[in-house]
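One file, entry.pdb, is given below (PDB, C-alpha atoms, pLDDT in the B column).
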ATOM      1  CA  SER A   1     -86.303   2.105 202.875  1.00 48.00           C
ATOM      2  CA  GLN A   2     -83.532   4.199 204.439  1.00 42.00           C
ATOM      3  CA  MET A   3     -83.508   6.663 201.551  1.00 42.00           C
ATOM      4  CA  GLN A   4     -87.291   7.138 201.836  1.00 51.00           C
ATOM      5  CA  ASP A   5     -86.971   7.800 205.569  1.00 52.00           C
ATOM      6  CA  ILE A   6     -84.291  10.418 204.898  1.00 46.00           C
ATOM      7  CA  VAL A   7     -86.483  12.132 202.310  1.00 50.00           C
ATOM      8  CA  LEU A   8     -89.566  12.092 204.558  1.00 51.00           C
ATOM      9  CA  ASP A   9     -87.588  13.415 207.540  1.00 56.00           C
ATOM     10  CA  GLU A  10     -86.932  16.605 205.567  1.00 59.00           C
ATOM     11  CA  VAL A  11     -90.623  17.400 204.972  1.00 65.00           C
ATOM     12  CA  ASP A  12     -93.955  17.225 206.743  1.00 70.00           C
ATOM     13  CA  ARG A  13     -94.970  13.557 206.487  1.00 72.00           C
ATOM     14  CA  ALA A  14     -98.646  14.510 206.585  1.00 76.00           C
ATOM     15  CA  LEU A  15     -98.164  16.283 203.230  1.00 81.00           C
ATOM     16  CA  CYS A  16     -96.768  13.133 201.601  1.00 82.00           C
ATOM     17  CA  PHE A  17     -98.142   9.802 200.483  1.00 82.00           C
ATOM     18  CA  GLU A  18     -96.386   6.745 199.084  1.00 82.00           C
ATOM     19  CA  LEU A  19     -97.546   4.849 196.014  1.00 82.00           C
ATOM     20  CA  ASN A  20     -96.419   1.215 195.778  1.00 82.00           C
ATOM     21  CA  THR A  21     -96.596  -0.638 192.455  1.00 81.00           C
ATOM     22  CA  GLU A  22     -96.988  -4.327 191.608  1.00 77.00           C
ATOM     23  CA  GLN A  23     -93.832  -6.432 191.512  1.00 74.00           C
ATOM     24  CA  ASN A  24     -94.734  -7.896 188.110  1.00 74.00           C
ATOM     25  CA  GLY A  25     -96.293  -4.735 186.731  1.00 74.00           C
ATOM     26  CA  TYR A  26     -95.062  -1.972 184.444  1.00 76.00           C
ATOM     27  CA  ASN A  27     -93.110  -0.242 187.254  1.00 76.00           C
ATOM     28  CA  LEU A  28     -91.638  -3.502 188.633  1.00 76.00           C
ATOM     29  CA  GLY A  29     -92.581  -2.871 192.245  1.00 77.00           C
ATOM     30  CA  ARG A  30     -91.069   0.607 192.505  1.00 82.00           C
ATOM     31  CA  SER A  31     -92.333   2.937 195.228  1.00 82.00           C
ATOM     32  CA  TYR A  32     -92.992   6.627 194.624  1.00 84.00           C
ATOM     33  CA  ILE A  33     -93.366   9.388 197.213  1.00 83.00           C
ATOM     34  CA  PHE A  34     -95.521  12.405 196.355  1.00 86.00           C
ATOM     35  CA  GLN A  35     -95.735  15.664 198.272  1.00 84.00           C
ATOM     36  CA  CYS A  36     -98.830  17.880 198.256  1.00 86.00           C
ATOM     37  CA  ASP A  37     -99.220  21.537 199.121  1.00 85.00           C
ATOM     38  CA  THR A  38    -101.812  20.994 201.877  1.00 87.00           C
ATOM     39  CA  HIS A  39    -102.981  18.199 204.183  1.00 83.00           C
ATOM     40  CA  GLU A  40    -106.412  18.288 202.576  1.00 87.00           C
ATOM     41  CA  ALA A  41    -104.902  17.771 199.128  1.00 88.00           C
ATOM     42  CA  ALA A  42    -102.887  14.784 200.375  1.00 86.00           C
ATOM     43  CA  ARG A  43    -105.983  13.169 201.899  1.00 86.00           C
ATOM     44  CA  GLU A  44    -107.969  13.817 198.701  1.00 89.00           C
ATOM     45  CA  TRP A  45    -105.251  12.228 196.556  1.00 89.00           C
ATOM     46  CA  VAL A  46    -105.135   9.143 198.777  1.00 87.00           C
ATOM     47  CA  ARG A  47    -108.927   8.831 198.698  1.00 86.00           C
ATOM     48  CA  ALA A  48    -109.048   9.233 194.911  1.00 88.00           C
ATOM     49  CA  LEU A  49    -106.233   6.728 194.314  1.00 87.00           C
ATOM     50  CA  HIS A  50    -107.864   4.226 196.640  1.00 82.00           C
ATOM     51  CA  GLU A  51    -111.148   4.589 194.731  1.00 82.00           C
ATOM     52  CA  VAL A  52    -109.448   4.234 191.332  1.00 84.00           C
ATOM     53  CA  TRP A  53    -107.524   1.204 192.571  1.00 81.00           C
ATOM     54  CA  GLY A  54    -110.744  -0.487 193.663  1.00 75.00           C
ATOM     55  CA  ASP A  55    -112.458   0.276 190.349  1.00 77.00           C
ATOM     56  CA  ALA A  56    -109.455  -1.083 188.422  1.00 77.00           C
ATOM     57  CA  ILE A  57    -109.596  -4.366 190.311  1.00 74.00           C
ATOM     58  CA  LEU A  58    -113.297  -4.701 189.564  1.00 70.00           C
ATOM     59  CA  ARG A  59    -112.721  -4.043 185.852  1.00 73.00           C
ATOM     60  CA  GLN A  60    -109.794  -6.427 185.399  1.00 70.00           C
ATOM     61  CA  ALA A  61    -111.021  -9.296 187.525  1.00 70.00           C
ATOM     62  CA  LYS A  62    -113.642 -11.568 185.976  1.00 73.00           C
ATOM     63  CA  LEU A  63    -116.006 -11.501 188.910  1.00 75.00           C
ATOM     64  CA  THR A  64    -119.681 -12.213 189.236  1.00 80.00           C
ATOM     65  CA  ARG A  65    -122.033  -9.533 190.493  1.00 81.00           C
ATOM     66  CA  PHE A  66    -121.999 -11.112 193.952  1.00 87.00           C
ATOM     67  CA  GLU A  67    -118.189 -11.247 193.993  1.00 83.00           C
ATOM     68  CA  ARG A  68    -118.003  -7.579 192.945  1.00 80.00           C
ATOM     69  CA  PHE A  69    -120.330  -6.643 195.783  1.00 87.00           C
ATOM     70  CA  LYS A  70    -118.250  -8.691 198.234  1.00 88.00           C
ATOM     71  CA  LEU A  71    -115.054  -6.997 197.051  1.00 82.00           C
ATOM     72  CA  LYS A  72    -116.626  -3.562 197.439  1.00 83.00           C
ATOM     73  CA  VAL A  73    -117.620  -4.457 200.998  1.00 90.00           C
ATOM     74  CA  GLU A  74    -114.052  -5.602 201.695  1.00 87.00           C
ATOM     75  CA  ILE A  75    -112.617  -2.332 200.353  1.00 82.00           C
ATOM     76  CA  PHE A  76    -115.114  -0.375 202.460  1.00 87.00           C
ATOM     77  CA  THR A  77    -114.275  -2.264 205.661  1.00 89.00           C
ATOM     78  CA  THR A  78    -110.557  -1.578 205.162  1.00 84.00           C
ATOM     79  CA  SER A  79    -111.047   2.145 204.516  1.00 82.00           C
ATOM     80  CA  SER A  80    -109.595   4.623 206.986  1.00 81.00           C
ATOM     81  CA  ALA A  81    -113.021   6.180 207.647  1.00 85.00           C
ATOM     82  CA  TRP A  82    -114.546   2.835 208.680  1.00 90.00           C
ATOM     83  CA  GLN A  83    -111.546   1.884 210.808  1.00 87.00           C
ATOM     84  CA  SER A  84    -111.536   5.302 212.514  1.00 88.00           C
ATOM     85  CA  LEU A  85    -115.244   4.939 213.334  1.00 92.00           C
ATOM     86  CA  MET A  86    -114.629   1.503 214.880  1.00 91.00           C
ATOM     87  CA  VAL A  87    -111.727   2.861 216.937  1.00 89.00           C
ATOM     88  CA  LEU A  88    -113.964   5.636 218.322  1.00 92.00           C
ATOM     89  CA  LEU A  89    -116.717   3.141 219.182  1.00 92.00           C
ATOM     90  CA  ILE A  90    -114.262   0.801 220.919  1.00 90.00           C
ATOM     91  CA  LEU A  91    -112.868   3.705 222.945  1.00 90.00           C
ATOM     92  CA  GLY A  92    -116.417   4.799 223.773  1.00 92.00           C
ATOM     93  CA  ASN A  93    -117.219   1.273 224.930  1.00 89.00           C
ATOM     94  CA  PHE A  94    -114.130   1.290 227.158  1.00 89.00           C
ATOM     95  CA  VAL A  95    -115.141   4.631 228.712  1.00 90.00           C
ATOM     96  CA  LEU A  96    -118.624   3.188 229.308  1.00 90.00           C
ATOM     97  CA  ASN A  97    -117.152   0.143 231.089  1.00 86.00           C
ATOM     98  CA  VAL A  98    -114.975   2.387 233.251  1.00 87.00           C
ATOM     99  CA  ALA A  99    -118.013   4.507 234.144  1.00 88.00           C
ATOM    100  CA  GLN A 100    -119.999   1.405 235.122  1.00 86.00           C
ATOM    101  CA  ALA A 101    -117.146   0.159 237.313  1.00 84.00           C
ATOM    102  CA  GLU A 102    -116.598   3.518 239.009  1.00 88.00           C
ATOM    103  CA  ILE A 103    -120.213   4.624 239.494  1.00 88.00           C
ATOM    104  CA  LYS A 104    -121.572   1.160 240.363  1.00 85.00           C
ATOM    105  CA  PRO A 105    -125.210   2.239 239.992  1.00 86.00           C
ATOM    106  CA  GLU A 106    -127.847   0.345 241.909  1.00 87.00           C
ATOM    107  CA  GLU A 107    -129.895  -2.106 239.917  1.00 84.00           C
ATOM    108  CA  GLY A 108    -133.114  -0.640 238.553  1.00 84.00           C
ATOM    109  CA  THR A 109    -132.011   2.997 238.751  1.00 90.00           C
ATOM    110  CA  HIS A 110    -132.168   5.321 235.745  1.00 89.00           C
ATOM    111  CA  THR A 111    -128.365   5.459 235.520  1.00 89.00           C
ATOM    112  CA  GLU A 112    -128.018   1.672 235.573  1.00 87.00           C
ATOM    113  CA  ILE A 113    -130.693   1.215 232.902  1.00 89.00           C
ATOM    114  CA  THR A 114    -129.131   3.899 230.657  1.00 92.00           C
ATOM    115  CA  LEU A 115    -125.628   2.425 230.904  1.00 89.00           C
ATOM    116  CA  SER A 116    -126.946  -1.078 230.254  1.00 88.00           C
ATOM    117  CA  GLU A 117    -128.897   0.077 227.196  1.00 92.00           C
ATOM    118  CA  LEU A 118    -125.804   1.832 225.820  1.00 93.00           C
ATOM    119  CA  GLU A 119    -123.818  -1.348 226.311  1.00 90.00           C
ATOM    120  CA  VAL A 120    -126.416  -3.356 224.407  1.00 91.00           C
ATOM    121  CA  VAL A 121    -126.438  -0.820 221.563  1.00 94.00           C
ATOM    122  CA  LEU A 122    -122.634  -0.930 221.257  1.00 92.00           C
ATOM    123  CA  THR A 123    -122.656  -4.724 221.356  1.00 91.00           C
ATOM    124  CA  VAL A 124    -125.206  -4.800 218.532  1.00 93.00           C
ATOM    125  CA  ILE A 125    -123.049  -2.398 216.494  1.00 94.00           C
ATOM    126  CA  PHE A 126    -119.963  -4.560 217.070  1.00 92.00           C
ATOM    127  CA  THR A 127    -121.958  -7.644 216.066  1.00 94.00           C
ATOM    128  CA  ILE A 128    -123.035  -5.981 212.818  1.00 95.00           C
ATOM    129  CA  GLU A 129    -119.437  -4.898 212.155  1.00 93.00           C
ATOM    130  CA  LEU A 130    -118.208  -8.446 212.778  1.00 94.00           C
ATOM    131  CA  SER A 131    -120.875  -9.868 210.444  1.00 94.00           C
ATOM    132  CA  VAL A 132    -119.893  -7.444 207.676  1.00 94.00           C
ATOM    133  CA  ASN A 133    -116.229  -8.301 208.196  1.00 92.00           C
ATOM    134  CA  MET A 134    -116.966 -12.031 208.057  1.00 93.00           C
ATOM    135  CA  PHE A 135    -118.960 -11.578 204.851  1.00 93.00           C
ATOM    136  CA  ALA A 136    -116.175  -9.549 203.203  1.00 91.00           C
ATOM    137  CA  ASN A 137    -113.400 -11.985 204.180  1.00 89.00           C
ATOM    138  CA  TRP A 138    -115.203 -15.331 204.216  1.00 84.00           C
ATOM    139  CA  PHE A 139    -113.891 -18.041 204.600  1.00 82.00           C
ATOM    140  CA  TRP A 140    -110.145 -18.626 204.939  1.00 88.00           C
ATOM    141  CA  ASN A 141    -109.191 -14.947 204.830  1.00 86.00           C
ATOM    142  CA  PHE A 142    -111.212 -14.450 208.000  1.00 90.00           C
ATOM    143  CA  TRP A 143    -110.248 -17.495 210.057  1.00 92.00           C
ATOM    144  CA  ALA A 144    -106.580 -17.359 209.024  1.00 89.00           C
ATOM    145  CA  ASP A 145    -106.227 -13.876 210.540  1.00 87.00           C
ATOM    146  CA  GLY A 146    -105.598 -13.942 214.274  1.00 85.00           C
ATOM    147  CA  TRP A 147    -107.080 -10.469 214.801  1.00 84.00           C
ATOM    148  CA  HIS A 148    -110.326 -11.486 213.094  1.00 88.00           C
ATOM    149  CA  VAL A 149    -110.566 -14.588 215.278  1.00 91.00           C
ATOM    150  CA  PHE A 150    -109.916 -12.461 218.375  1.00 88.00           C
ATOM    151  CA  ASP A 151    -112.711 -10.059 217.335  1.00 90.00           C
ATOM    152  CA  PHE A 152    -115.034 -13.031 216.886  1.00 92.00           C
ATOM    153  CA  LEU A 153    -114.265 -14.378 220.378  1.00 91.00           C
ATOM    154  CA  VAL A 154    -114.653 -10.994 222.081  1.00 88.00           C
ATOM    155  CA  VAL A 155    -117.972 -10.196 220.371  1.00 89.00           C
ATOM    156  CA  SER A 156    -119.281 -13.726 221.007  1.00 90.00           C
ATOM    157  CA  LEU A 157    -118.442 -13.469 224.714  1.00 86.00           C
ATOM    158  CA  SER A 158    -120.151 -10.060 224.846  1.00 86.00           C
ATOM    159  CA  LEU A 159    -123.318 -11.524 223.325  1.00 88.00           C
ATOM    160  CA  LEU A 160    -123.239 -14.437 225.796  1.00 86.00           C
ATOM    161  CA  ALA A 161    -122.766 -12.035 228.700  1.00 82.00           C
ATOM    162  CA  ILE A 162    -125.907 -10.130 227.672  1.00 83.00           C
ATOM    163  CA  ALA A 163    -128.011 -13.172 226.788  1.00 83.00           C
ATOM    164  CA  LEU A 164    -127.119 -15.063 229.987  1.00 78.00           C
ATOM    165  CA  GLU A 165    -126.944 -12.064 232.304  1.00 73.00           C
ATOM    166  CA  GLU A 166    -129.520 -13.512 234.706  1.00 67.00           C
ATOM    167  CA  VAL A 167    -127.768 -16.895 234.918  1.00 65.00           C
ATOM    168  CA  GLY A 168    -125.434 -16.920 237.899  1.00 59.00           C
ATOM    169  CA  ASP A 169    -122.842 -19.273 236.411  1.00 61.00           C
ATOM    170  CA  PHE A 170    -122.402 -17.025 233.368  1.00 59.00           C
ATOM    171  CA  ASN A 171    -122.557 -13.682 235.154  1.00 60.00           C
ATOM    172  CA  ASN A 172    -118.748 -13.597 235.410  1.00 65.00           C
ATOM    173  CA  LEU A 173    -118.567 -13.164 231.645  1.00 65.00           C
ATOM    174  CA  ARG A 174    -119.250  -9.487 232.262  1.00 66.00           C
ATOM    175  CA  LEU A 175    -115.760  -9.267 233.766  1.00 65.00           C
ATOM    176  CA  LEU A 176    -114.353  -9.882 230.283  1.00 70.00           C
ATOM    177  CA  ARG A 177    -115.892  -6.712 228.849  1.00 70.00           C
ATOM    178  CA  PRO A 178    -112.654  -4.668 229.165  1.00 71.00           C
ATOM    179  CA  LEU A 179    -111.109  -7.094 226.636  1.00 75.00           C
ATOM    180  CA  ARG A 180    -112.952  -5.153 223.951  1.00 76.00           C
ATOM    181  CA  VAL A 181    -110.420  -2.338 224.163  1.00 78.00           C
ATOM    182  CA  VAL A 182    -107.693  -4.828 223.202  1.00 80.00           C
ATOM    183  CA  ARG A 183    -109.329  -4.878 219.768  1.00 79.00           C
ATOM    184  CA  LEU A 184    -107.659  -1.502 219.207  1.00 78.00           C
ATOM    185  CA  LEU A 185    -104.386  -3.374 218.730  1.00 76.00           C
ATOM    186  CA  GLY A 186    -105.815  -4.885 215.574  1.00 74.00           C
ATOM    187  CA  ARG A 187    -107.235  -1.588 214.301  1.00 75.00           C
ATOM    188  CA  LEU A 188    -104.231   0.711 214.664  1.00 73.00           C
ATOM    189  CA  GLU A 189    -101.479  -0.123 212.194  1.00 69.00           C
ATOM    190  CA  SER A 190     -98.608   1.041 214.417  1.00 70.00           C
ATOM    191  CA  LEU A 191     -99.782  -1.020 217.414  1.00 74.00           C
ATOM    192  CA  ARG A 192    -100.485  -4.034 215.221  1.00 75.00           C
ATOM    193  CA  LEU A 193     -96.937  -3.925 213.839  1.00 74.00           C
ATOM    194  CA  ILE A 194     -95.514  -3.874 217.367  1.00 80.00           C
ATOM    195  CA  ILE A 195     -97.639  -6.801 218.540  1.00 78.00           C
ATOM    196  CA  ASN A 196     -96.868  -8.851 215.417  1.00 75.00           C
ATOM    197  CA  ALA A 197     -93.162  -8.152 215.787  1.00 79.00           C
ATOM    198  CA  CYS A 198     -93.213  -9.189 219.462  1.00 82.00           C
ATOM    199  CA  THR A 199     -95.123 -12.369 218.601  1.00 81.00           C
ATOM    200  CA  ARG A 200     -92.701 -13.349 215.854  1.00 81.00           C
ATOM    201  CA  SER A 201     -89.729 -12.730 218.155  1.00 86.00           C
ATOM    202  CA  LEU A 202     -90.926 -15.209 220.799  1.00 86.00           C
ATOM    203  CA  ILE A 203     -89.376 -18.277 219.149  1.00 87.00           C
ATOM    204  CA  PRO A 204     -85.984 -16.598 218.422  1.00 87.00           C
ATOM    205  CA  VAL A 205     -85.866 -15.284 222.004  1.00 89.00           C
ATOM    206  CA  PHE A 206     -86.702 -18.756 223.331  1.00 89.00           C
ATOM    207  CA  ASN A 207     -83.924 -20.242 221.189  1.00 89.00           C
ATOM    208  CA  ALA A 208     -81.485 -17.668 222.552  1.00 90.00           C
ATOM    209  CA  PHE A 209     -82.446 -18.561 226.137  1.00 89.00           C
ATOM    210  CA  LEU A 210     -82.053 -22.242 225.297  1.00 90.00           C
ATOM    211  CA  VAL A 211     -78.554 -21.713 223.881  1.00 90.00           C
ATOM    212  CA  THR A 212     -77.610 -19.613 226.917  1.00 91.00           C
ATOM    213  CA  PHE A 213     -78.918 -22.316 229.249  1.00 89.00           C
ATOM    214  CA  LEU A 214     -76.961 -25.039 227.449  1.00 89.00           C
ATOM    215  CA  ILE A 215     -73.739 -23.025 227.522  1.00 89.00           C
ATOM    216  CA  THR A 216     -74.234 -22.235 231.209  1.00 89.00           C
ATOM    217  CA  ALA A 217     -74.999 -25.896 232.012  1.00 84.00           C
ATOM    218  CA  ILE A 218     -71.861 -27.049 230.236  1.00 76.00           C
TER
END

Can you dump the structure from the file as C-alpha cells?
Amino acid sequence: SQMQDIVLDEVDRALCFELNTEQNGYNLGRSYIFQCDTHEAAREWVRALHEVWGDAILRQAKLTRFERFKLKVEIFTTSSAWQSLMVLLILGNFVLNVAQAEIKPEEGTHTEITLSELEVVLTVIFTIELSVNMFANWFWNFWADGWHVFDFLVVSLSLLAIALEEVGDFNNLRLLRPLRVVRLLGRLESLRLIINACTRSLIPVFNAFLVTFLITAI
C-alpha cells in the first residue's frame, strides 16, 4: 500500500520484511513490516518464518505421507535458494550459447566437444528441474501456469535438438537454444510482474484502439 511504501522509503528495504496474514485468520489479512538490525538477521528471519509456515501447513492439513512429501518438494522448488540456482544455470547456459556462436569451433575439436558436453549437462539439469517441478505441481497447477508450460516447451525442444542432432530436418532446432534465457522472465519476480501486466493490458489497449478507430471513422 501507499503507507507501506512511505515507511519503506525511509529505511533500508533490505533490512525489512513483510508478513502477510490470512484473510479469514486471527489477524484478518493484516500486513506487518518488521525491521532488523542487519541484512543477515533479516534473511534468517525470512528463512525461519518460511520453514515454520511450511511445518504449520503440514501439521494442520490432513495429508498422506505422499502428499506431505509432495508439498515439501513444492516448498523447496519455490524457495529463493532453488530459484537463484536456476537463474545462475540459465545465465550460464546463455553464456555458453553465446560462446558457441562466437567461437564457432570446428566439429571434432576439443573445444567443440567440451562445449557440446556442457550443453548436454545443462540440458539434463534443466530436465531434472522440470521433472521435479511437474511432480510438485501436478496436474492442473502445472498446466494452468503459462510459465510452467513455457518451461516444458523449451526443455522439450532442447531434448529434441540433442536427440535428433544428426537429422538434417531437425538440426534447425538448435537455433531455438537462446529461448532458454527467456525462462528468466518466469524466475525473477520483478520481470514476471512486468510481463504479466503487459499481457493483461493487451485487451484493454486493443479496445482503446477500437474505440479510437470507430470515432475516427465516424

Task: All residues 12 Å or closer to A:Arg47, all atoms listed in the file, same chain fewer than 3 positions away omitted, as an MDAnalysis selection string - done: chainID A and resid 17 40:44 50:54 75:76 79:81

Would you put the residues from that selection into a file with C-alpha atoms, as a JSON list (two decimals), in the frame of the given file?
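In the end it all went to part11.json:
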[["chain", "number", "residue", "atom", "x", "y", "z"],
["A", 17, "PHE", "CA", -98.14, 9.80, 200.48],
["A", 40, "GLU", "CA", -106.41, 18.29, 202.58],
["A", 41, "ALA", "CA", -104.90, 17.77, 199.13],
["A", 42, "ALA", "CA", -102.89, 14.78, 200.38],
["A", 43, "ARG", "CA", -105.98, 13.17, 201.90],
["A", 44, "GLU", "CA", -107.97, 13.82, 198.70],
["A", 50, "HIS", "CA", -107.86, 4.23, 196.64],
["A", 51, "GLU", "CA", -111.15, 4.59, 194.73],
["A", 52, "VAL", "CA", -109.45, 4.23, 191.33],
["A", 53, "TRP", "CA", -107.52, 1.20, 192.57],
["A", 54, "GLY", "CA", -110.74, -0.49, 193.66],
["A", 75, "ILE", "CA", -112.62, -2.33, 200.35],
["A", 76, "PHE", "CA", -115.11, -0.38, 202.46],
["A", 79, "SER", "CA", -111.05, 2.14, 204.52],
["A", 80, "SER", "CA", -109.60, 4.62, 206.99],
["A", 81, "ALA", "CA", -113.02, 6.18, 207.65]]

Task: Residue with smallest distance to A:Phe142 - pool A:Leu188, A:Cys36, A:Leu130, A:Leu15, counting only C-alpha atoms - done: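 Among A:Leu188, A:Cys36, A:Leu130, A:Leu15, it is A:Leu130 that comes nearest to A:Phe142.
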
Open item on the list: Given only C-alpha atoms as the basis, pick out the residue of A:Tyr26, A:Phe209, A:Phe94, A:Trp82 nearest to A:Leu118.
Closed with: A:Phe94

Open item on the list: Given the point (-122.2, 4.2, 231.3) in the coordinates of this file, which residues lie within 8 Å, counting only C-alpha atoms, and how would they look as a PyMOL selection string?
Closed with: chain A and resi 95-100+111-112+114-116+118-119

Could you dump the residues just selected with C-alpha atoms as a short mmCIF file (atom, residue, chain, number, x, y, z; two decimals), keeping the file's coordinate frame?
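Now in again.cif:
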data_model
loop_
_atom_site.label_atom_id
_atom_site.label_comp_id
_atom_site.auth_asym_id
_atom_site.auth_seq_id
_atom_site.Cartn_x
_atom_site.Cartn_y
_atom_site.Cartn_z
CA VAL A 95 -115.14 4.63 228.71
CA LEU A 96 -118.62 3.19 229.31
CA ASN A 97 -117.15 0.14 231.09
CA VAL A 98 -114.98 2.39 233.25
CA ALA A 99 -118.01 4.51 234.14
CA GLN A 100 -120.00 1.40 235.12
CA THR A 111 -128.36 5.46 235.52
CA GLU A 112 -128.02 1.67 235.57
CA THR A 114 -129.13 3.90 230.66
CA LEU A 115 -125.63 2.42 230.90
CA SER A 116 -126.95 -1.08 230.25
CA LEU A 118 -125.80 1.83 225.82
CA GLU A 119 -123.82 -1.35 226.31
#

TODO: Taking the file as shown, find all residues satisfying the PyMOL selection byres ((chain A and resi 33) around 6) and write them as a list in words.
DONE: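 For this structure, the PyMOL selection byres ((chain A and resi 33) around 6) resolves to Phe17, Glu18, Tyr32 and Phe34 of chain A.
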
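Here atom CA of A:Asn20 is placed at a distance of 18.9 Å from atom CA of A:Leu58.
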
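Nearest-residue note for A:Asp151: choosing from A:Leu164, A:Arg183, A:Arg65, A:Phe139, the minimum distance belongs to A:Arg183, counting all atoms listed in the file.
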
If the PyMOL selection byres ((chain A and resi 133) around 10) is run on the structure shown, which residues does it catch, given as a PDB file with C-alpha atoms, in the coordinates of the input?
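Wrote it out as selection-v9.pdb, contents follow:
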ATOM      1  CA  VAL A  73    -117.620  -4.457 200.998  1.00 90.00           C
ATOM      2  CA  GLU A  74    -114.052  -5.602 201.695  1.00 87.00           C
ATOM      3  CA  PHE A  76    -115.114  -0.375 202.460  1.00 87.00           C
ATOM      4  CA  THR A  77    -114.275  -2.264 205.661  1.00 89.00           C
ATOM      5  CA  THR A  78    -110.557  -1.578 205.162  1.00 84.00           C
ATOM      6  CA  THR A 127    -121.958  -7.644 216.066  1.00 94.00           C
ATOM      7  CA  ILE A 128    -123.035  -5.981 212.818  1.00 95.00           C
ATOM      8  CA  GLU A 129    -119.437  -4.898 212.155  1.00 93.00           C
ATOM      9  CA  LEU A 130    -118.208  -8.446 212.778  1.00 94.00           C
ATOM     10  CA  SER A 131    -120.875  -9.868 210.444  1.00 94.00           C
ATOM     11  CA  VAL A 132    -119.893  -7.444 207.676  1.00 94.00           C
ATOM     12  CA  MET A 134    -116.966 -12.031 208.057  1.00 93.00           C
ATOM     13  CA  PHE A 135    -118.960 -11.578 204.851  1.00 93.00           C
ATOM     14  CA  ALA A 136    -116.175  -9.549 203.203  1.00 91.00           C
ATOM     15  CA  ASN A 137    -113.400 -11.985 204.180  1.00 89.00           C
ATOM     16  CA  TRP A 138    -115.203 -15.331 204.216  1.00 84.00           C
ATOM     17  CA  PHE A 142    -111.212 -14.450 208.000  1.00 90.00           C
ATOM     18  CA  HIS A 148    -110.326 -11.486 213.094  1.00 88.00           C
ATOM     19  CA  ASP A 151    -112.711 -10.059 217.335  1.00 90.00           C
ATOM     20  CA  PHE A 152    -115.034 -13.031 216.886  1.00 92.00           C
TER      21      PHE A 152
END

Task: A:Asn93, A:Leu214, A:Arg200, A:Val46 ranked by distance to A:Leu179, top pick (using only C-alpha atoms) - done: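 Among the listed residues, A:Asn93 lies closest to A:Leu179.
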
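Distance-wise, atom CA of A:Gly108 and atom CA of A:Leu122 end up 20.2 Å apart.
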
Open item on the list: Just checking: using all atoms listed in the file, which residue out of A:Val155, A:Arg180, A:Trp147, A:Leu210 ends up closest to A:Ile195?
Closed with: A:Trp147

Open item on the list: For the provided coordinates, the residues matched by the PyMOL selection byres ((chain A and resi 87) around 10) should be stated as a ChimeraX atom specification.
Closed with: /A:81-86,88-93,181,183-188

Produce a file of the selected residues containing C-alpha atoms, as a PDB file, in the frame of the given file.
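That gives us again-v9.pdb:
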ATOM      1  CA  ALA A  81    -113.021   6.180 207.647  1.00 85.00           C
ATOM      2  CA  TRP A  82    -114.546   2.835 208.680  1.00 90.00           C
ATOM      3  CA  GLN A  83    -111.546   1.884 210.808  1.00 87.00           C
ATOM      4  CA  SER A  84    -111.536   5.302 212.514  1.00 88.00           C
ATOM      5  CA  LEU A  85    -115.244   4.939 213.334  1.00 92.00           C
ATOM      6  CA  MET A  86    -114.629   1.503 214.880  1.00 91.00           C
ATOM      7  CA  LEU A  88    -113.964   5.636 218.322  1.00 92.00           C
ATOM      8  CA  LEU A  89    -116.717   3.141 219.182  1.00 92.00           C
ATOM      9  CA  ILE A  90    -114.262   0.801 220.919  1.00 90.00           C
ATOM     10  CA  LEU A  91    -112.868   3.705 222.945  1.00 90.00           C
ATOM     11  CA  GLY A  92    -116.417   4.799 223.773  1.00 92.00           C
ATOM     12  CA  ASN A  93    -117.219   1.273 224.930  1.00 89.00           C
ATOM     13  CA  VAL A 181    -110.420  -2.338 224.163  1.00 78.00           C
ATOM     14  CA  ARG A 183    -109.329  -4.878 219.768  1.00 79.00           C
ATOM     15  CA  LEU A 184    -107.659  -1.502 219.207  1.00 78.00           C
ATOM     16  CA  LEU A 185    -104.386  -3.374 218.730  1.00 76.00           C
ATOM     17  CA  GLY A 186    -105.815  -4.885 215.574  1.00 74.00           C
ATOM     18  CA  ARG A 187    -107.235  -1.588 214.301  1.00 75.00           C
ATOM     19  CA  LEU A 188    -104.231   0.711 214.664  1.00 73.00           C
TER      20      LEU A 188
END

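Atom CA of A:Asn24 is found 25.2 Å from atom CA of A:Trp140.
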
So for stretch 57-70 of chain A, what box centre and size do we get, axis-aligned, 8 Å extra on each of the six sides, every listed atom, Å to one decimal, as lines of an AutoDock Vina configuration file?
center_x = -115.8
center_y = -8.1
center_z = 191.8
size_x = 28.4
size_y = 24.2
size_z = 28.8
